Amino acid sequence: MRKIPVYNHPAAGWAALASSALKLKEYDALTRGSVSVFHGNQPEGGFDCPGCAWPDHKSHKTIDMCENGIKVVASETMATKADAAFFAQHSVTELQGWNGYQLEHAGRLSEPLHYNAEQDRYLPIAWEQAYQIIASHLQQLDSPDEAMFYTSGRITNEPAFMFQLLVRSFGTNNLPDCSNMCHEPTSVMLAKQIGIGKATVILEDFEKAKLIILFGQNPATNHPRMLEMLAHAQKQGCRIISVNPMREQGLFKFRNPQKPTHMAAGQSDKMIDEVIQIRIGGDVALMAGMAKCLVEQDAINREFIETHTLHVEALIGWLSQQNWTDIEQASGIERAKITELAKLVADSPGTICTWGMGITQHVQGEDNVAMITNLLLLMGMIGVEGAGASPVRGHSNVQGDRTMGIHERPKPALLDSLEHTFKLPMPREDGLDVVEGAKAMINGKIKAFFSLGGNYSVAAPDTDAIQQALSRNPLNVFVATKLNESMLYPGKDTLILPSLSRTEQFITDNGAQVATIEDSMCQVVPTQGRLAPISDMVKSDAQIIADIATHLFAADSEVMKNIPWQTMAADFSITRDYIAQTISGFENFNQRLAESPRGFHLYHSARARQWETESGKAEFVVPQYPITYALRQTDTALHSTQAKASDASAAQDTTATTTTSWQLTTVRSHDQFNTTIFGFEDRYRNTSRRDVLFMHPDEMTRMGWQVGDKIMVSRQDSTDKQRTLGPLILTEMDIAAHAVAAYYPESNTLIDLDSHAPKSRTPAYKSIPVSLERVTAVSSTAPVATVA
């Protein structure tokens, strides 16, 4: 195979420090941001990093933030304001032409704003008037279900609890959140199989594991604090395997900025022993092969299976039907290697399977999670130290928001508890998730859209259609810290309400308030901002929610009599008392928080081998889709066009076009967080632009293409609509055969709202069947800019 230019330096190290300092300066946040960095993830009076949901280690460090965390802090602490003066200079039509990077750097939102259609600008508005507009629209709806209330993972537990209470008191369960677009298959399948949709491990398990398998995950970019734990586990003798279509350079070596020997002497730690470069969509096939080997060799934990599980016979029967030809072709991995992996699993006394959105964001995402869980159950690797399931959430409190009741399909037990505590009826019908909510809004069934954080239209598929739907809404409300694209398609009445960031103080008559979050491993920790707010006009999320409730519900209504909105907003300890009464696992919430500055772990039933499933046992699940599902989407078109691709004359003709079929996966760069674009550098992938299409050089040769060619990407969706992206600049990447990659969220235009997993309805961002067409070729001597 041809050698691919790679980033040859360790992950993190001096490059991370330089990039962090540069971002603090670029955001004009050297003072506010630097002060905040020293308070990030600190046990006494610090704030939890607003970035990823990786847990805090029990050991204390003066600086306990990664490069990406510092970039998020720089974004939050910037001194520049996107205020009335900014909007006086820029019309909304003009801002629609700005890219995500430009909008992100416009500044912090610092006063409430209301869209004026005549001037095509956001103008300042008094808080009281904004609340009246919101209340008036909501009160005039024919049904509460004509409103949708979206939430992102930046919201802490206390306002999240208040928000779901506000929405349900209003009368609807239309509570979609960003979980719908990332780990929903995890939540659905883990709940079905082991009774709870969360990680069964704690951080200390990584210190005791003997085998860690990372599925569809790129920690160096998405949660860099995980690298330290991987390096530590590797030194302890743990074998670490990465299963990924892309050979990510940030996973091989780690230079820890906390270690003088690393920074001064140039040392680094090894992290990954091996990369299994799987075909996109081939995860179930790989795990089926591993499970097939384990069963045939009788290397499974029969005592655990007989005591704790059901339906193993169905899984074994399904495995027996899978043939090795399909397994090898669908996974892209040879039988000998799969057998070797199975032996590693069989020989390991402690195995952790950890995964990210490379597993969940597929049509067959639920099958992927089910097979990971099946593999762990076959070996009895749930409920023992150094082993278990470890889904890694991508946003700080997305898991906590769900625990607090932000869910469109709430469990009856939660609704019963809310009714008992607040003496109010709660809506019982399931609400709308992200996908169904978008469809409803596009079809005119949603008349009011309320976003508590997030960038809904850009994060979701079919961005253009959602933005047009927003522009037809009678009411749009955005509670946010920064400007984003979703705010630039205003309806009749559109409001931007500025809120405090995680790094800023929230001080009331009851003193400085401490909020909480829940990380990926069920640890609940306190968070307290230390900076003065960017403006006297910004309010806390909790205060905004309480004020809306005060204006929305009549003063003499049961809602106002039974729920002390303003008291809860002004004193989070009172909010936590209500959480303790209604949310399972939070008993004695305030007391437990006071006793431990690092917070506490929520009880995890499956970790204790107590199975809260319908059957009372852990359950094996047979995959819904054939293991060749992804393969079938591309192979027919691919084989029919290979002859054209090898045509030498076409390869030499700079105007020639060649079409073929591929699986496209979406990726985030090292200079972004979710939909937030910090910059254009992706140093681990050697590029400094976002309009690129990653492809293996061997595939380029097969097609007669080369680096720098301009490629159009297209697909015909489920409604026969032709969707296109590009042209994109062809760029080298060590990625599996028949696969290409492009950046999220730009590539969302290729995905329709019907391309999703069946139960969780998580969009298939990670496996999109596409056609590629070269529209412009470059000469073989044309230079292509990369990052050194």
# chains A, B, ... in the order shown; residues from 1 in each chain; ligands from 1
>>> select_by_dssp(residues="region 121-361 of chain A", states="strand (DSSP E)", output="short mmCIF file (atom, residue, chain, number, x, y, z; two decimals) with N, CA and C atoms, in the first residue's frame")
data_model
loop_
_atom_site.label_atom_id
_atom_site.label_comp_id
_atom_site.auth_asym_id
_atom_site.auth_seq_id
_atom_site.Cartn_x
_atom_site.Cartn_y
_atom_site.Cartn_z
N ARG A 121 -33.19 42.77 10.95
CA ARG A 121 -32.16 42.78 11.99
C ARG A 121 -32.74 42.35 13.33
N TYR A 122 -31.87 41.84 14.18
CA TYR A 122 -32.25 41.64 15.57
C TYR A 122 -32.06 42.95 16.32
N LEU A 123 -33.10 43.33 17.05
CA LEU A 123 -33.07 44.56 17.83
C LEU A 123 -33.22 44.22 19.31
N PRO A 124 -32.67 45.05 20.20
CA PRO A 124 -32.81 44.78 21.63
C PRO A 124 -34.26 44.83 22.08
N ALA A 147 -46.12 22.79 20.12
CA ALA A 147 -44.84 23.39 20.51
C ALA A 147 -43.80 22.29 20.69
N MET A 148 -42.55 22.61 20.40
CA MET A 148 -41.45 21.67 20.57
C MET A 148 -40.33 22.36 21.35
N PHE A 149 -39.75 21.62 22.32
CA PHE A 149 -38.78 22.20 23.24
C PHE A 149 -37.49 21.36 23.18
N TYR A 150 -36.50 21.91 22.51
CA TYR A 150 -35.24 21.19 22.27
C TYR A 150 -34.20 21.58 23.33
N THR A 151 -33.30 20.64 23.66
CA THR A 151 -32.28 20.88 24.67
C THR A 151 -30.94 20.32 24.22
N LEU A 211 -8.09 -5.97 28.77
CA LEU A 211 -8.35 -5.79 27.35
C LEU A 211 -9.37 -4.67 27.19
N ILE A 212 -9.02 -3.66 26.41
CA ILE A 212 -9.95 -2.58 26.09
C ILE A 212 -10.10 -2.53 24.58
N ILE A 213 -11.34 -2.62 24.12
CA ILE A 213 -11.62 -2.52 22.68
C ILE A 213 -12.39 -1.24 22.44
N LEU A 214 -11.84 -0.35 21.63
CA LEU A 214 -12.49 0.90 21.26
C LEU A 214 -13.19 0.73 19.93
N PHE A 215 -14.48 0.87 19.91
CA PHE A 215 -15.25 0.75 18.67
C PHE A 215 -15.69 2.14 18.20
N ARG A 239 -4.07 -4.73 27.07
CA ARG A 239 -3.98 -4.68 25.61
C ARG A 239 -5.12 -3.83 25.10
N ILE A 240 -4.83 -2.91 24.17
CA ILE A 240 -5.83 -1.95 23.69
C ILE A 240 -5.93 -2.06 22.17
N ILE A 241 -7.14 -2.32 21.73
CA ILE A 241 -7.43 -2.51 20.30
C ILE A 241 -8.40 -1.42 19.85
N SER A 242 -8.13 -0.79 18.72
CA SER A 242 -9.05 0.18 18.13
C SER A 242 -9.69 -0.43 16.89
N VAL A 243 -11.02 -0.45 16.86
CA VAL A 243 -11.77 -0.92 15.69
C VAL A 243 -12.37 0.30 15.01
N LYS A 253 0.49 7.64 19.93
CA LYS A 253 1.39 8.10 20.98
C LYS A 253 0.77 9.31 21.69
N PHE A 254 1.06 9.42 22.97
CA PHE A 254 0.47 10.48 23.77
C PHE A 254 1.57 11.18 24.58
N ARG A 255 1.72 12.46 24.35
CA ARG A 255 2.67 13.26 25.15
C ARG A 255 1.86 14.06 26.17
N ASP A 269 3.90 8.29 25.65
CA ASP A 269 3.34 7.00 26.02
C ASP A 269 2.64 6.37 24.82
N LYS A 270 2.77 5.06 24.75
CA LYS A 270 2.04 4.30 23.75
C LYS A 270 0.60 4.11 24.24
N GLU A 274 -3.08 -2.07 18.47
CA GLU A 274 -3.42 -2.48 17.11
C GLU A 274 -4.69 -1.78 16.66
N VAL A 275 -4.74 -1.46 15.38
CA VAL A 275 -5.95 -0.92 14.77
C VAL A 275 -6.54 -1.97 13.83
N ILE A 276 -7.79 -2.31 14.05
CA ILE A 276 -8.52 -3.20 13.15
C ILE A 276 -9.32 -2.31 12.21
N THR A 309 -28.93 -14.58 32.35
CA THR A 309 -29.37 -14.14 31.03
C THR A 309 -30.50 -14.99 30.45
N LEU A 310 -31.09 -14.45 29.39
CA LEU A 310 -32.10 -15.14 28.59
C LEU A 310 -31.75 -15.02 27.11
N THR A 351 -12.52 -7.32 30.42
CA THR A 351 -12.63 -6.66 29.11
C THR A 351 -13.60 -5.50 29.18
N ILE A 352 -13.16 -4.35 28.72
CA ILE A 352 -14.03 -3.18 28.57
C ILE A 352 -14.24 -2.94 27.08
N CYS A 353 -15.48 -2.80 26.67
CA CYS A 353 -15.81 -2.35 25.32
C CYS A 353 -16.30 -0.91 25.43
N THR A 354 -15.60 -0.03 24.75
CA THR A 354 -15.98 1.39 24.79
C THR A 354 -16.27 1.85 23.38
N TRP A 355 -17.26 2.72 23.22
CA TRP A 355 -17.65 3.12 21.87
C TRP A 355 -18.16 4.55 21.83
#
>>> residues_around(residues="Ala532 (chain A)", least_positions_apart="2", cutoff="10 Å", atoms="only C-alpha atoms", output="count of residues only")
13
>>> residues_around(residues="Asp401 (chain A)", least_positions_apart="4", cutoff="8 Å", atoms="only C-alpha atoms", output="list in words")
Gly153, Ile155, Thr156, Asn157, Ala160, Phe161, Asn397, Gly405 and Ile406 of chain A
>>> write_last_selection(atoms="N, CA and C atoms", output="short mmCIF file (atom, residue, chain, number, x, y, z; two decimals), in the first residue's frame")
data_model
loop_
_atom_site.label_atom_id
_atom_site.label_comp_id
_atom_site.auth_asym_id
_atom_site.auth_seq_id
_atom_site.Cartn_x
_atom_site.Cartn_y
_atom_site.Cartn_z
N GLY A 153 -26.68 19.41 25.51
CA GLY A 153 -25.96 18.91 26.68
C GLY A 153 -25.22 19.96 27.47
N ILE A 155 -26.66 22.21 29.21
CA ILE A 155 -27.52 22.57 30.33
C ILE A 155 -27.19 21.69 31.53
N THR A 156 -27.10 22.28 32.71
CA THR A 156 -26.81 21.53 33.92
C THR A 156 -28.09 20.89 34.46
N ASN A 157 -27.95 20.04 35.49
CA ASN A 157 -29.07 19.24 35.97
C ASN A 157 -30.24 20.06 36.49
N ALA A 160 -32.25 21.75 33.83
CA ALA A 160 -32.84 20.69 33.01
C ALA A 160 -34.08 20.11 33.68
N PHE A 161 -33.99 19.90 34.98
CA PHE A 161 -35.15 19.40 35.73
C PHE A 161 -36.29 20.40 35.67
N ASN A 397 -23.15 17.30 29.70
CA ASN A 397 -24.24 16.83 30.55
C ASN A 397 -25.40 16.25 29.76
N GLY A 405 -35.02 13.94 33.17
CA GLY A 405 -36.35 13.84 32.57
C GLY A 405 -36.50 14.46 31.21
N ILE A 406 -35.39 14.97 30.63
CA ILE A 406 -35.46 15.49 29.26
C ILE A 406 -35.55 14.29 28.33
#
>>> residues_around(residues="region 427-439 of chain A", least_positions_apart="4", cutoff="8 Å", atoms="only C-alpha atoms", output="list in words")
Asp145, Met148, Arg168, Gly171, Thr172, Asn173, Asn174, Leu175, Pro176, Asp177, Cys178, Asn180, Met181, Glu408, Arg409, Pro410, Pro412, Leu415, Asn443, Ile446, Ala460, Ile466, Leu753, Arg761, Thr762 and Pro763 of chain A
>>> write_last_selection(atoms="N, CA and C atoms", output="tab-separated table (two decimals), in the first residue's frame")
chain	number	residue	atom	x	y	z
A	145	ASP	N	-49.12	20.29	22.05
A	145	ASP	CA	-48.29	19.48	21.16
A	145	ASP	C	-47.89	20.22	19.89
A	148	MET	N	-42.55	22.61	20.40
A	148	MET	CA	-41.45	21.67	20.57
A	148	MET	C	-40.33	22.36	21.35
A	168	ARG	N	-43.81	19.80	30.70
A	168	ARG	CA	-44.87	18.85	31.04
A	168	ARG	C	-46.04	19.53	31.75
A	171	GLY	N	-48.12	20.73	29.14
A	171	GLY	CA	-49.00	19.71	28.60
A	171	GLY	C	-48.47	18.86	27.47
A	172	THR	N	-47.14	18.80	27.28
A	172	THR	CA	-46.61	18.00	26.17
A	172	THR	C	-45.33	17.29	26.58
A	173	ASN	N	-45.02	16.21	25.88
A	173	ASN	CA	-43.73	15.52	26.03
A	173	ASN	C	-42.83	15.77	24.83
A	174	ASN	N	-43.06	16.83	24.10
A	174	ASN	CA	-42.21	17.18	22.95
A	174	ASN	C	-40.89	17.74	23.46
A	175	LEU	N	-40.02	16.83	23.93
A	175	LEU	CA	-38.75	17.20	24.55
A	175	LEU	C	-37.58	16.51	23.84
A	176	PRO	N	-37.39	16.77	22.56
A	176	PRO	CA	-36.22	16.19	21.89
A	176	PRO	C	-34.94	16.81	22.44
A	177	ASP	N	-33.85	16.08	22.36
A	177	ASP	CA	-32.57	16.66	22.75
A	177	ASP	C	-31.46	16.05	21.91
A	178	CYS	N	-30.24	16.51	22.14
A	178	CYS	CA	-29.13	16.09	21.28
A	178	CYS	C	-28.83	14.60	21.42
A	180	ASN	N	-30.86	12.31	20.90
A	180	ASN	CA	-31.53	11.69	19.76
A	180	ASN	C	-30.59	11.53	18.57
A	181	MET	N	-29.57	12.38	18.49
A	181	MET	CA	-28.69	12.37	17.33
A	181	MET	C	-27.35	11.70	17.58
A	408	GLU	N	-38.43	12.51	25.28
A	408	GLU	CA	-39.72	12.58	24.59
A	408	GLU	C	-40.56	11.33	24.84
A	409	ARG	N	-39.91	10.28	25.34
A	409	ARG	CA	-40.64	9.04	25.66
A	409	ARG	C	-40.39	8.66	27.12
A	410	PRO	N	-40.95	9.44	28.04
A	410	PRO	CA	-40.64	9.22	29.46
A	410	PRO	C	-41.21	7.92	29.98
A	412	PRO	N	-43.22	5.66	32.57
A	412	PRO	CA	-44.37	5.93	33.44
A	412	PRO	C	-43.97	6.20	34.88
A	415	LEU	N	-43.24	9.89	35.33
A	415	LEU	CA	-44.46	10.69	35.32
A	415	LEU	C	-45.25	10.49	36.61
A	443	ASN	N	-43.80	20.08	8.05
A	443	ASN	CA	-45.19	19.93	7.60
A	443	ASN	C	-46.15	20.92	8.23
A	446	ILE	N	-45.87	22.10	13.79
A	446	ILE	CA	-45.25	22.78	14.93
A	446	ILE	C	-45.34	24.28	14.71
A	460	ALA	N	-29.02	18.52	12.95
A	460	ALA	CA	-29.95	17.52	12.42
A	460	ALA	C	-29.77	17.33	10.91
A	466	ILE	N	-35.20	22.23	7.43
A	466	ILE	CA	-35.51	22.66	8.80
A	466	ILE	C	-35.41	24.17	8.92
A	753	LEU	N	-34.24	12.79	6.51
A	753	LEU	CA	-34.78	12.50	7.83
A	753	LEU	C	-35.29	11.07	7.97
A	761	ARG	N	-34.21	6.10	16.13
A	761	ARG	CA	-34.31	7.13	15.09
A	761	ARG	C	-33.10	8.07	15.08
A	762	THR	N	-31.94	7.52	15.43
A	762	THR	CA	-30.70	8.29	15.32
A	762	THR	C	-30.26	8.32	13.87
A	763	PRO	N	-30.01	9.51	13.32
A	763	PRO	CA	-29.64	9.61	11.90
A	763	PRO	C	-28.34	8.85	11.59
>>> residues_around(residues="Ile735 (chain A)", least_positions_apart="4", cutoff="8 Å", atoms="only C-alpha atoms", output="ChimeraX atom specification")
/A:245-247,277,694-696,739-740
>>> residues_around(residues="Ala448 (chain A)", least_positions_apart="6", cutoff="12 Å", atoms="only C-alpha atoms", output="PyMOL selection string")
chain A and resi 133-150+174+437+440-441+469-478+490-495
>>> closest_residue(among="A:Glu128, A:Glu485, A:Glu296, A:Asp28", to="Thr676 (chain A)", atoms="only C-alpha atoms")
A:Glu485
